Amino acid sequence: MFKKICSVCLALFMILGIALCTAGCGDSKVKLIWAGSTLGNEESEMVFEAFNKELQSVKGFENVEIDFQKQDTTNWQLWMASNTQIDIAWTGYSYDIETEINNGSYTALDEYITEENTPNIYAEKQEYSADYASGSYKGKQYLIPNQQPIANLSNILKIPVELKDYMNIDGVLNECHSNKKTTEKVYQYIDEYLAAVTKAHAIDTDTVAKYIDIQGIFKFVATRGYEFIGGDLTGAWLCYDEEDPSAKIVNFMETDAYRLFLKYAAKWYNDGYVSPNVLVNGSESGSRSPVLNAHSTGMWYATENPELGEERGVTYAIETDDAGNKFITMYNLLLETPEQDWQGVSTLGSEKTYLCIPYTSKNPEIAIKLLDLLRAPVGEKGNDLLNLLVYGFEENSKYAEEYGTYHYTLEGDCAYGVDYYAQPDSSCKYGIAHWFVGNVFKTYRTPNIQAGQGDYVKKYETVDRLTHKETALCGFRVDLSEYSNVIANIQTIINEYNDTLICGIDGSNYNATYDEMMSKINGADLAKVKEAVQSQADKYISE
Amino acid sequence: MKQNKAYMAVIHTIFILLTLSFLLPFIIIVIVSISPESQITTYGFQLIPQKIDFTAYGLVLKNAGVLFKSIIWTLFISATAPALAVMVNALMAYPLARNDYSLRKPVNVLMIVSMMFSGGLIPTYIIYTQVYHLGGANPMLYWLSSLFSVWNVILFRTFFKGIPAELIESATIDGATQPQVLFHVVAPLSKSIVSIQYFTSVIARWNDYQTSLIYYPNNQEYWTVQYYMQTILQSVQQLKASLEMQGLRDTSEAPVTTLKYAMCVISIIPVFIMFPYVQKFFSKGIAVGSVKG
């Protein structure tokens with residue numbers, strides 16, 4: 001009897017097992033894993049569910065399901081190290097793209113991006129050729145750029161609005177717009193401004209800090225007109241004068257521009273314009289408070305606030321009072337004109353935000369097709385999907401009714417998030433920053449982007465910028481892997497001295513500190529690195 | 001007598017100053033967390049704030065529902081995971097403390113080797129996610145990942161070894177089984193080590209954000225409060241950087257610095273609540289293993 005019962009149970013178990021296996025085999029869904037660093041809001045799952053429903057109604061994606069994963073640099077490293085399936089991922093800003101490429105993290109996309117296979121990406125690559133070039137390395141396309149509403153990254157001087165009359169704004173702009181490098185005259189204007197503000201006791205310390213952003217002024221004003229090999233103030237600070245056709249490579253500390261800045265930094269420190277705690281607390285940066293601040297801004301498009309009288313060359317930082325009235329808080333003096341935005345060393349990753357297909361993708365063909373679908377022209381299904389993914393449920397949409405919640409209201413082409421203005425954060429119900437998943441000019445805009453701004457930037461990126469003058473090393477890419485230890489040593493020396501020097505801490509004794517730094521830098525084989533870069537640059541120019 | 005008074009005054013002064021030096025950083029943390037961001041960037045840290053501003057706390061509390069859920073979840077994990085861990089570690093340590101356990105040497109060697117040459121994060125991640133398929137919708141990792149610690153087993157073993165063998169022997173003579181000896185004789189004598197291990201594990205669990213970050217980033221249900229706050233900070237930093245990049249709006253009041261300090265204050269609250277209750281065990285427990293001979 002016992003044996004019989006066991007036999008029946010075993011038979012049932014086998015039947016059940018086979019049934020389950022068959023059910024599993026019938027489920028032929030392709031799962032794509034899409035990782036992104038701003039995913040993971042309270043109502044994300046609802047939107048992703050709706051997105052998958054919509055996607056499955058698109059021809060070719062009937063059996064595709066997207067599983068969205070929240071991405072972080074830590075997770076990314078683990079995924080890549082453990083060969084975890086990730087089919088689409090975001091990259092940029094905090095990722096070292098060259099290292100990732102050399103590590104083999106990204107799939108080369110050239111064989112997938114064809115006119116037949118991905119018509120939208122293919123067309124976009126032709127149109128935004130400079131952006132796409134920034135995502136290619138050694139002739140291979142690894143990254144798909146997410147276009148942003150940014151045209152002509154200009155360095156700016158920021159002045160609190162209540163102090164604007166003390167600055168010779170026209171003088172500063174004329175001087176900067178007629179010289180690619182910062183002249184002594186500009187520092188004199190700044191010096192006069194600081195003296196006048198101090199003399200008039202014009203600083204209301206409730207709203208304006210009496211100290212200047214000395215580190216910002218160094219970074220964004222002193223270095224104007226020099227192009228840094230590698231694109232930033234890192235490594236050995238090697239650069240060349242953008243106007244020099246022979247591209248003589250120098251360390252920035254050796255330039256007159258650096259010495260000139262040190263002279264004024266020391267003066268401003270002695271005059272009390274630089275905080276005595278600057279090395280501890282840092283400069284007054286990114287704030288409206290400092291009496292003078294410098295930064296970089298992405299927009300020359302100067303009609304952001306035309307109703308407030310904004311003019312080309314000066315943009316405003318604004319705030320809105322409780323009654324909804326805009327008021328100006330800062331004047332941003334744009335130190336470069338669009339025409340001064342020369343095409344220079346092509347810096348890998350300069351677009352800052354990209355999508356990639358990691359090497360761990362199990363379905364790269366479908367992944368690239370999905371990215372292509374989301375770059376469909378405005379009005380097509382793919383574009384609706386993109387807006388759904390970026391903004392969530394529109395107030396009057398079927399999904400808002402179905403799920404009993406919504407994330408934005410639509411007025412014309414502008415999406416007003418229910419709980420954010422410019423872009424969502426993790427505490428919002430839902431939302432992904434529009435520069436994160438595709439071409440911003442194809443999504444709805446947010447209220448901080450003016451109507452027509454997209455067209456302006458698009459024209460700038462795809463037409464105007466391509467006609468700009470090229471520097472001697474335009475498109476040059478240096479290989480310094482052999483000198484990484486030497487560069488690290490030089491970087492350490494620079495880190496030791498530079499902040500003290502550019503903050504003027506040593507006052508009028510800065511020359512001794514400067515000499516000490518230069519002697520150490522030269523002792524660390526700077527000449528060897530310079531020579532290597534110069535030889536590669538000369539070869540590039542001669543070819 | 002006079003000399004004694006003067007001596008005491010000096011000692012008291014030294015200890016008052018010492019106490020202040022410990023308190024001062026915490027006071028500054030609280031003050032910074034309730035200061036306006038612009039004031040911090042302008043004047044640095046100050047003991048007496050010129051203005052009070054709760055923007056940073058407002059941001060943390062902006063999504064009170066998620067915050068509340070993450071606090072409840074973290075409290076739940078912080079209470080249960082250490083309890084389980086203490087039990088497992090104690091059960092592992094007890095036989096290793098007994099001289100009549102024949103396998104104690106090879107087990108000890110295995111433990112020490114695994115402690116000295118741990119696999120590291122990547123193998124651990126592969127085993128959890130690709131072998132055991134944990135993470136995602138399965139929250140078991142919050143308990144499993146901290147269940148066993150060689151170091152804690154060694155601490156337990158050392159403590160158990162200090163319990164007089166005569167006590168155990170007499171209980172055995174009276175007919176107690178091994179579990180009875182452990183739970184009725186050894187455990188009551190081990191309150192201090194249990195408390196200190198539980199307390200330190202609770203703090204570790206309360207401060208844990210990596211488990212959420214690595215294994216549960218998509219699942220807000222399983223976010224710990226530390227990870228939730230980390231995401232807020234990241235969002236504010238990202239928003240600030242992005243807006244500055246576009247040059248579209250003033251971002252002066254994005255409270256990046258004050259937010260960090262508000263997060264510190266919130267993080268430290270449970271420690272403040274718990275500490276008085278476990279303080280008496282603290283000195284005993286922390287000294288385990290420190291007395292030789």
# chains A, B, ... in the order shown; residues from 1 in each chain; ligands from 1
$ select_by_dssp --residues "region 24-164 of chain B" --states "helix (DSSP H, G or I)" --output "MDAnalysis selection string"
chainID B and resid 24:33 37:43 55:60 64:97 104:116 121:131 141:144 150:161
$ residues_around --residues "Gln220 (chain B)" --least-positions-apart "4" --cutoff "10 Å" --atoms "only C-alpha atoms" --output "MDAnalysis selection string"
(chainID A and resid 40:44) or (chainID B and resid 66:67 69:70 212 216 224 227:228)
$ write_last_selection --atoms "all heavy atoms" --output "CSV table (one decimal), in the first residue's frame"
chain,number,residue,atom,x,y,z
A,40,GLY,N,14.2,55.1,-9.1
A,40,GLY,CA,13.9,54.6,-7.7
A,40,GLY,C,13.1,55.5,-6.9
A,40,GLY,O,13.3,55.7,-5.7
A,41,ASN,N,12.1,56.1,-7.5
A,41,ASN,CA,11.2,57.0,-6.8
A,41,ASN,C,10.0,56.1,-6.2
A,41,ASN,O,9.8,55.0,-6.6
A,41,ASN,CB,10.7,58.1,-7.6
A,41,ASN,CG,11.8,59.0,-8.1
A,41,ASN,OD1,12.6,58.6,-8.9
A,41,ASN,ND2,11.9,60.2,-7.5
A,42,GLU,N,9.2,56.8,-5.4
A,42,GLU,CA,8.1,56.1,-4.7
A,42,GLU,C,7.1,55.4,-5.7
A,42,GLU,O,6.7,54.3,-5.5
A,42,GLU,CB,7.3,57.2,-3.9
A,42,GLU,CG,6.4,56.5,-2.9
A,42,GLU,CD,5.6,57.6,-2.1
A,42,GLU,OE1,5.9,58.8,-2.3
A,42,GLU,OE2,4.7,57.2,-1.4
A,43,GLU,N,6.8,56.1,-6.9
A,43,GLU,CA,5.9,55.5,-7.8
A,43,GLU,C,6.6,55.0,-9.1
A,43,GLU,O,5.9,54.9,-10.1
A,43,GLU,CB,4.8,56.5,-8.1
A,43,GLU,CG,4.0,56.8,-6.8
A,43,GLU,CD,2.8,57.7,-7.0
A,43,GLU,OE1,2.6,58.2,-8.1
A,43,GLU,OE2,2.0,57.9,-6.1
A,44,SER,N,7.8,54.8,-9.0
A,44,SER,CA,8.6,54.3,-10.2
A,44,SER,C,8.0,53.0,-10.7
A,44,SER,O,7.8,52.9,-12.0
A,44,SER,CB,10.0,54.0,-9.8
A,44,SER,OG,10.7,55.2,-9.6
B,66,VAL,N,7.9,57.9,3.1
B,66,VAL,CA,9.0,57.0,2.8
B,66,VAL,C,10.0,57.0,4.0
B,66,VAL,O,10.5,55.9,4.4
B,66,VAL,CB,9.7,57.4,1.5
B,66,VAL,CG1,10.9,56.5,1.2
B,66,VAL,CG2,8.8,57.5,0.4
B,67,LEU,N,10.2,58.2,4.6
B,67,LEU,CA,11.1,58.3,5.7
B,67,LEU,C,10.6,57.4,6.8
B,67,LEU,O,11.4,56.6,7.4
B,67,LEU,CB,11.3,59.7,6.1
B,67,LEU,CG,12.1,59.9,7.4
B,67,LEU,CD1,13.6,59.6,7.1
B,67,LEU,CD2,12.1,61.4,7.9
B,69,LYS,N,8.6,54.9,6.8
B,69,LYS,CA,8.7,53.5,6.4
B,69,LYS,C,10.1,53.0,6.6
B,69,LYS,O,10.3,51.9,7.1
B,69,LYS,CB,8.2,53.2,5.0
B,69,LYS,CG,6.8,52.8,4.8
B,69,LYS,CD,6.5,52.2,3.5
B,69,LYS,CE,6.2,53.3,2.4
B,69,LYS,NZ,5.8,52.8,1.1
B,70,SER,N,11.0,53.8,6.1
B,70,SER,CA,12.4,53.4,6.2
B,70,SER,C,12.9,53.3,7.7
B,70,SER,O,13.7,52.5,8.0
B,70,SER,CB,13.4,54.3,5.4
B,70,SER,OG,13.4,55.5,5.9
B,212,SER,N,21.3,48.2,1.3
B,212,SER,CA,20.3,48.7,0.5
B,212,SER,C,20.9,49.2,-0.9
B,212,SER,O,20.3,48.9,-1.9
B,212,SER,CB,19.6,50.0,1.1
B,212,SER,OG,19.2,49.7,2.4
B,216,TYR,N,19.3,46.3,-2.8
B,216,TYR,CA,17.9,46.7,-2.8
B,216,TYR,C,17.7,48.1,-3.3
B,216,TYR,O,16.9,48.8,-2.8
B,216,TYR,CB,17.3,46.5,-1.4
B,216,TYR,CG,17.4,45.1,-0.9
B,216,TYR,CD1,18.4,44.8,0.1
B,216,TYR,CD2,16.5,44.1,-1.3
B,216,TYR,CE1,18.5,43.5,0.6
B,216,TYR,CE2,16.7,42.8,-0.8
B,216,TYR,CZ,17.7,42.5,0.1
B,216,TYR,OH,17.8,41.3,0.6
B,224,THR,N,17.0,51.2,4.0
B,224,THR,CA,17.3,51.7,5.4
B,224,THR,C,17.3,53.2,5.4
B,224,THR,O,17.4,53.8,4.4
B,224,THR,CB,18.6,51.2,5.9
B,224,THR,OG1,19.6,51.7,5.0
B,224,THR,CG2,18.7,49.7,5.9
B,227,TYR,N,20.3,54.9,3.9
B,227,TYR,CA,20.3,54.9,2.4
B,227,TYR,C,19.3,55.9,1.9
B,227,TYR,O,19.6,56.6,0.9
B,227,TYR,CB,20.0,53.5,1.8
B,227,TYR,CG,20.1,53.5,0.3
B,227,TYR,CD1,21.3,53.7,-0.3
B,227,TYR,CD2,19.0,53.2,-0.4
B,227,TYR,CE1,21.4,53.7,-1.7
B,227,TYR,CE2,19.0,53.2,-1.8
B,227,TYR,CZ,20.2,53.4,-2.4
B,227,TYR,OH,20.3,53.5,-3.8
B,228,TYR,N,18.2,56.0,2.5
B,228,TYR,CA,17.2,57.0,2.1
B,228,TYR,C,17.8,58.4,2.2
B,228,TYR,O,17.6,59.2,1.2
B,228,TYR,CB,15.9,56.9,3.0
B,228,TYR,CG,14.9,58.0,2.8
B,228,TYR,CD1,14.2,58.1,1.6
B,228,TYR,CD2,14.7,59.0,3.7
B,228,TYR,CE1,13.4,59.1,1.3
B,228,TYR,CE2,13.9,60.0,3.5
B,228,TYR,CZ,13.2,60.1,2.3
B,228,TYR,OH,12.3,61.1,2.1
$ residues_around --residues "Tyr128 (chain B)" --least-positions-apart "3" --cutoff "12 Å" --atoms "only C-alpha atoms" --output "PyMOL selection string"
(chain A and resi 82) or (chain B and resi 121-125+131-136+138-142+144-145+211+214-215)
$ write_last_selection --atoms "C-alpha atoms" --output "tab-separated table (two decimals), in the first residue's frame"
chain	number	residue	atom	x	y	z
A	82	SER	CA	30.58	40.00	-11.51
B	121	LEU	CA	32.91	42.30	-1.86
B	122	ILE	CA	32.78	40.98	-5.41
B	123	PRO	CA	32.79	37.24	-4.61
B	124	THR	CA	30.30	37.92	-1.83
B	125	TYR	CA	28.08	39.78	-4.26
B	131	VAL	CA	24.22	31.51	-6.47
B	132	TYR	CA	21.58	32.13	-3.82
B	133	HIS	CA	19.57	34.65	-5.86
B	134	LEU	CA	19.09	36.90	-2.88
B	135	GLY	CA	18.43	40.63	-3.09
B	136	GLY	CA	15.74	42.40	-5.08
B	138	ASN	CA	13.93	38.96	-1.04
B	139	PRO	CA	14.99	40.91	2.08
B	140	MET	CA	16.71	37.97	3.80
B	141	LEU	CA	20.12	39.49	3.17
B	142	TYR	CA	19.56	42.02	5.92
B	144	LEU	CA	21.99	36.68	6.57
B	145	SER	CA	24.78	39.10	5.69
B	211	THR	CA	23.02	46.52	1.88
B	214	ILE	CA	24.03	47.07	-3.39
B	215	TYR	CA	21.14	44.64	-3.10
$ atom_distance --atom1 "CA of Tyr264 (chain A)" --atom2 "CA of Thr492 (chain A)"
24.6 Å
$ select_by_dssp --residues "region 177-357 of chain A" --states "strand (DSSP E)" --output "VMD selection string"
chain A and resid 226 to 228 238 to 241 250 to 251 293 to 297 314 to 320 326 to 334 353 to 356
$ atom_distance --atom1 "CA of Leu213 (chain B)" --atom2 "CA of Pro358 (chain A)"
20.0 Å
$ residues_around --residues "region 273-281 of chain A" --least-positions-apart "3" --cutoff "7 Å" --atoms "only C-alpha atoms" --output "PDB file with all heavy atoms, in the first residue's frame"
ATOM      1  N   LYS A 210      31.214  88.981   2.449  1.00  0.00           N
ATOM      2  CA  LYS A 210      32.191  89.995   2.030  1.00  0.00           C
ATOM      3  C   LYS A 210      33.396  89.390   1.325  1.00  0.00           C
ATOM      4  O   LYS A 210      34.241  90.100   0.819  1.00  0.00           O
ATOM      5  CB  LYS A 210      32.638  90.829   3.223  1.00  0.00           C
ATOM      6  CG  LYS A 210      33.357  90.048   4.292  1.00  0.00           C
ATOM      7  CD  LYS A 210      33.809  91.009   5.389  1.00  0.00           C
ATOM      8  CE  LYS A 210      34.618  90.285   6.443  1.00  0.00           C
ATOM      9  NZ  LYS A 210      35.236  91.176   7.402  1.00  0.00           N
ATOM     10  N   TYR A 211      33.485  88.047   1.319  1.00  0.00           N
ATOM     11  CA  TYR A 211      34.650  87.415   0.706  1.00  0.00           C
ATOM     12  C   TYR A 211      34.365  86.960  -0.726  1.00  0.00           C
ATOM     13  O   TYR A 211      33.251  86.608  -1.063  1.00  0.00           O
ATOM     14  CB  TYR A 211      35.093  86.215   1.539  1.00  0.00           C
ATOM     15  CG  TYR A 211      35.487  86.585   2.942  1.00  0.00           C
ATOM     16  CD1 TYR A 211      34.877  85.981   4.025  1.00  0.00           C
ATOM     17  CD2 TYR A 211      36.452  87.553   3.177  1.00  0.00           C
ATOM     18  CE1 TYR A 211      35.231  86.322   5.322  1.00  0.00           C
ATOM     19  CE2 TYR A 211      36.810  87.901   4.470  1.00  0.00           C
ATOM     20  CZ  TYR A 211      36.196  87.287   5.540  1.00  0.00           C
ATOM     21  OH  TYR A 211      36.546  87.627   6.815  1.00  0.00           O
ATOM     22  N   ILE A 212      35.426  86.938  -1.516  1.00  0.00           N
ATOM     23  CA  ILE A 212      35.268  86.528  -2.913  1.00  0.00           C
ATOM     24  C   ILE A 212      35.534  85.025  -3.064  1.00  0.00           C
ATOM     25  O   ILE A 212      36.170  84.417  -2.219  1.00  0.00           O
ATOM     26  CB  ILE A 212      36.207  87.319  -3.845  1.00  0.00           C
ATOM     27  CG1 ILE A 212      37.671  87.103  -3.447  1.00  0.00           C
ATOM     28  CG2 ILE A 212      35.860  88.780  -3.828  1.00  0.00           C
ATOM     29  CD1 ILE A 212      38.652  87.752  -4.411  1.00  0.00           C
ATOM     30  N   ILE A 214      37.698  83.057  -4.501  1.00  0.00           N
ATOM     31  CA  ILE A 214      39.010  83.173  -5.136  1.00  0.00           C
ATOM     32  C   ILE A 214      39.359  81.935  -5.960  1.00  0.00           C
ATOM     33  O   ILE A 214      39.944  82.039  -7.042  1.00  0.00           O
ATOM     34  CB  ILE A 214      40.098  83.472  -4.068  1.00  0.00           C
ATOM     35  CG1 ILE A 214      41.436  83.816  -4.714  1.00  0.00           C
ATOM     36  CG2 ILE A 214      40.272  82.332  -3.092  1.00  0.00           C
ATOM     37  CD1 ILE A 214      41.493  85.189  -5.292  1.00  0.00           C
ATOM     38  N   TRP A 268      44.541  90.733  -3.040  1.00  0.00           N
ATOM     39  CA  TRP A 268      43.180  90.619  -2.511  1.00  0.00           C
ATOM     40  C   TRP A 268      43.165  89.972  -1.128  1.00  0.00           C
ATOM     41  O   TRP A 268      42.342  90.313  -0.292  1.00  0.00           O
ATOM     42  CB  TRP A 268      42.301  89.830  -3.486  1.00  0.00           C
ATOM     43  CG  TRP A 268      42.083  90.564  -4.788  1.00  0.00           C
ATOM     44  CD1 TRP A 268      42.149  91.919  -4.971  1.00  0.00           C
ATOM     45  CD2 TRP A 268      41.802  90.009  -6.070  1.00  0.00           C
ATOM     46  NE1 TRP A 268      41.914  92.240  -6.291  1.00  0.00           N
ATOM     47  CE2 TRP A 268      41.698  91.082  -6.988  1.00  0.00           C
ATOM     48  CE3 TRP A 268      41.626  88.719  -6.549  1.00  0.00           C
ATOM     49  CZ2 TRP A 268      41.414  90.899  -8.341  1.00  0.00           C
ATOM     50  CZ3 TRP A 268      41.341  88.532  -7.889  1.00  0.00           C
ATOM     51  CH2 TRP A 268      41.237  89.616  -8.779  1.00  0.00           C
ATOM     52  N   TYR A 269      44.104  89.067  -0.913  1.00  0.00           N
ATOM     53  CA  TYR A 269      44.178  88.462   0.422  1.00  0.00           C
ATOM     54  C   TYR A 269      44.624  89.521   1.428  1.00  0.00           C
ATOM     55  O   TYR A 269      44.044  89.653   2.516  1.00  0.00           O
ATOM     56  CB  TYR A 269      45.145  87.275   0.419  1.00  0.00           C
ATOM     57  CG  TYR A 269      45.153  86.524   1.728  1.00  0.00           C
ATOM     58  CD1 TYR A 269      44.206  85.537   1.985  1.00  0.00           C
ATOM     59  CD2 TYR A 269      46.090  86.820   2.719  1.00  0.00           C
ATOM     60  CE1 TYR A 269      44.185  84.860   3.197  1.00  0.00           C
ATOM     61  CE2 TYR A 269      46.075  86.146   3.932  1.00  0.00           C
ATOM     62  CZ  TYR A 269      45.132  85.172   4.162  1.00  0.00           C
ATOM     63  OH  TYR A 269      45.107  84.516   5.374  1.00  0.00           O
TER      64      TYR A 269
ATOM     65  N   GLY B  44      31.434  80.042   7.645  1.00  0.00           N
ATOM     66  CA  GLY B  44      31.952  78.786   8.189  1.00  0.00           C
ATOM     67  C   GLY B  44      31.105  78.334   9.367  1.00  0.00           C
ATOM     68  O   GLY B  44      30.008  78.847   9.593  1.00  0.00           O
TER      69      GLY B  44
END
$ decode --residues "region 106-195 of chain A" --atoms "C-alpha atoms" --output "mmCIF file, in the first residue's frame"
data_model
loop_
_atom_site.group_PDB
_atom_site.id
_atom_site.type_symbol
_atom_site.label_atom_id
_atom_site.label_comp_id
_atom_site.auth_asym_id
_atom_site.auth_seq_id
_atom_site.Cartn_x
_atom_site.Cartn_y
_atom_site.Cartn_z
ATOM 1 C CA TYR A 106 31.207 49.129 -22.923
ATOM 2 C CA THR A 107 30.162 47.347 -26.088
ATOM 3 C CA ALA A 108 31.390 49.002 -29.296
ATOM 4 C CA LEU A 109 28.249 50.082 -31.115
ATOM 5 C CA ASP A 110 29.463 50.605 -34.671
ATOM 6 C CA GLU A 111 28.095 47.349 -36.021
ATOM 7 C CA TYR A 112 24.667 48.070 -34.503
ATOM 8 C CA ILE A 113 24.297 51.703 -35.556
ATOM 9 C CA THR A 114 23.282 51.484 -39.195
ATOM 10 C CA GLU A 115 20.709 53.304 -41.275
ATOM 11 C CA GLU A 116 18.530 50.182 -41.487
ATOM 12 C CA ASN A 117 18.890 48.939 -37.953
ATOM 13 C CA THR A 118 18.748 52.184 -35.967
ATOM 14 C CA PRO A 119 17.556 54.946 -38.296
ATOM 15 C CA ASN A 120 16.938 57.490 -35.523
ATOM 16 C CA ILE A 121 20.329 57.096 -33.854
ATOM 17 C CA TYR A 122 21.998 57.002 -37.256
ATOM 18 C CA ALA A 123 20.395 60.305 -38.242
ATOM 19 C CA GLU A 124 21.181 61.840 -34.874
ATOM 20 C CA LYS A 125 24.821 60.803 -35.209
ATOM 21 C CA GLN A 126 25.060 62.699 -38.465
ATOM 22 C CA GLU A 127 23.301 65.733 -37.011
ATOM 23 C CA TYR A 128 25.087 65.923 -33.642
ATOM 24 C CA SER A 129 28.449 64.771 -34.948
ATOM 25 C CA ALA A 130 30.508 66.637 -32.322
ATOM 26 C CA ASP A 131 28.494 65.160 -29.453
ATOM 27 C CA TYR A 132 28.820 61.673 -30.853
ATOM 28 C CA ALA A 133 32.542 62.170 -31.402
ATOM 29 C CA SER A 134 32.882 62.767 -27.676
ATOM 30 C CA GLY A 135 31.534 59.243 -27.118
ATOM 31 C CA SER A 136 33.946 57.531 -29.469
ATOM 32 C CA TYR A 137 37.428 56.273 -28.730
ATOM 33 C CA LYS A 138 40.121 55.114 -31.109
ATOM 34 C CA GLY A 139 37.686 55.104 -33.975
ATOM 35 C CA LYS A 140 34.934 53.152 -32.233
ATOM 36 C CA GLN A 141 31.590 54.481 -31.006
ATOM 37 C CA TYR A 142 31.030 53.354 -27.443
ATOM 38 C CA LEU A 143 28.559 55.871 -26.079
ATOM 39 C CA ILE A 144 25.351 57.496 -27.205
ATOM 40 C CA PRO A 145 25.201 61.095 -25.947
ATOM 41 C CA ASN A 146 22.133 62.513 -24.254
ATOM 42 C CA GLN A 147 21.760 65.961 -25.763
ATOM 43 C CA GLN A 148 21.352 68.732 -23.218
ATOM 44 C CA PRO A 149 19.985 72.271 -23.476
ATOM 45 C CA ILE A 150 23.484 73.704 -23.278
ATOM 46 C CA ALA A 151 25.156 75.918 -25.834
ATOM 47 C CA ASN A 152 28.542 77.511 -25.492
ATOM 48 C CA LEU A 153 29.908 76.756 -22.078
ATOM 49 C CA SER A 154 31.005 80.214 -21.029
ATOM 50 C CA ASN A 155 32.909 81.199 -17.942
ATOM 51 C CA ILE A 156 30.994 83.757 -15.926
ATOM 52 C CA LEU A 157 31.578 86.295 -13.219
ATOM 53 C CA LYS A 158 28.679 86.450 -10.803
ATOM 54 C CA ILE A 159 27.848 89.667 -8.990
ATOM 55 C CA PRO A 160 25.053 90.200 -6.463
ATOM 56 C CA VAL A 161 22.464 92.417 -8.123
ATOM 57 C CA GLU A 162 22.646 95.050 -5.394
ATOM 58 C CA LEU A 163 26.344 95.575 -6.169
ATOM 59 C CA LYS A 164 26.186 95.621 -9.960
ATOM 60 C CA ASP A 165 26.620 99.394 -10.208
ATOM 61 C CA TYR A 166 30.045 99.153 -8.626
ATOM 62 C CA MET A 167 31.366 96.958 -11.437
ATOM 63 C CA ASN A 168 32.338 98.264 -14.847
ATOM 64 C CA ILE A 169 30.326 95.573 -16.591
ATOM 65 C CA ASP A 170 30.826 96.911 -20.103
ATOM 66 C CA GLY A 171 34.550 97.232 -19.483
ATOM 67 C CA VAL A 172 34.861 93.617 -18.297
ATOM 68 C CA LEU A 173 32.769 92.267 -21.157
ATOM 69 C CA ASN A 174 34.558 94.283 -23.829
ATOM 70 C CA GLU A 175 37.943 93.266 -22.518
ATOM 71 C CA CYS A 176 37.035 89.580 -22.322
ATOM 72 C CA HIS A 177 35.159 89.473 -25.603
ATOM 73 C CA SER A 178 38.114 90.954 -27.434
ATOM 74 C CA ASN A 179 40.737 88.710 -25.798
ATOM 75 C CA LYS A 180 40.640 84.997 -25.441
ATOM 76 C CA LYS A 181 42.992 85.230 -22.471
ATOM 77 C CA THR A 182 42.301 87.227 -19.341
ATOM 78 C CA THR A 183 44.257 90.458 -19.402
ATOM 79 C CA GLU A 184 45.495 92.487 -16.436
ATOM 80 C CA LYS A 185 42.796 95.027 -17.233
ATOM 81 C CA VAL A 186 40.120 92.518 -16.171
ATOM 82 C CA TYR A 187 41.796 92.037 -12.798
ATOM 83 C CA GLN A 188 42.023 95.786 -12.447
ATOM 84 C CA TYR A 189 38.271 96.088 -13.043
ATOM 85 C CA ILE A 190 37.703 93.452 -10.380
ATOM 86 C CA ASP A 191 40.080 95.226 -8.012
ATOM 87 C CA GLU A 192 38.322 98.549 -8.552
ATOM 88 C CA TYR A 193 34.970 96.900 -7.968
ATOM 89 C CA LEU A 194 36.096 95.354 -4.682
ATOM 90 C CA ALA A 195 37.609 98.618 -3.498
#
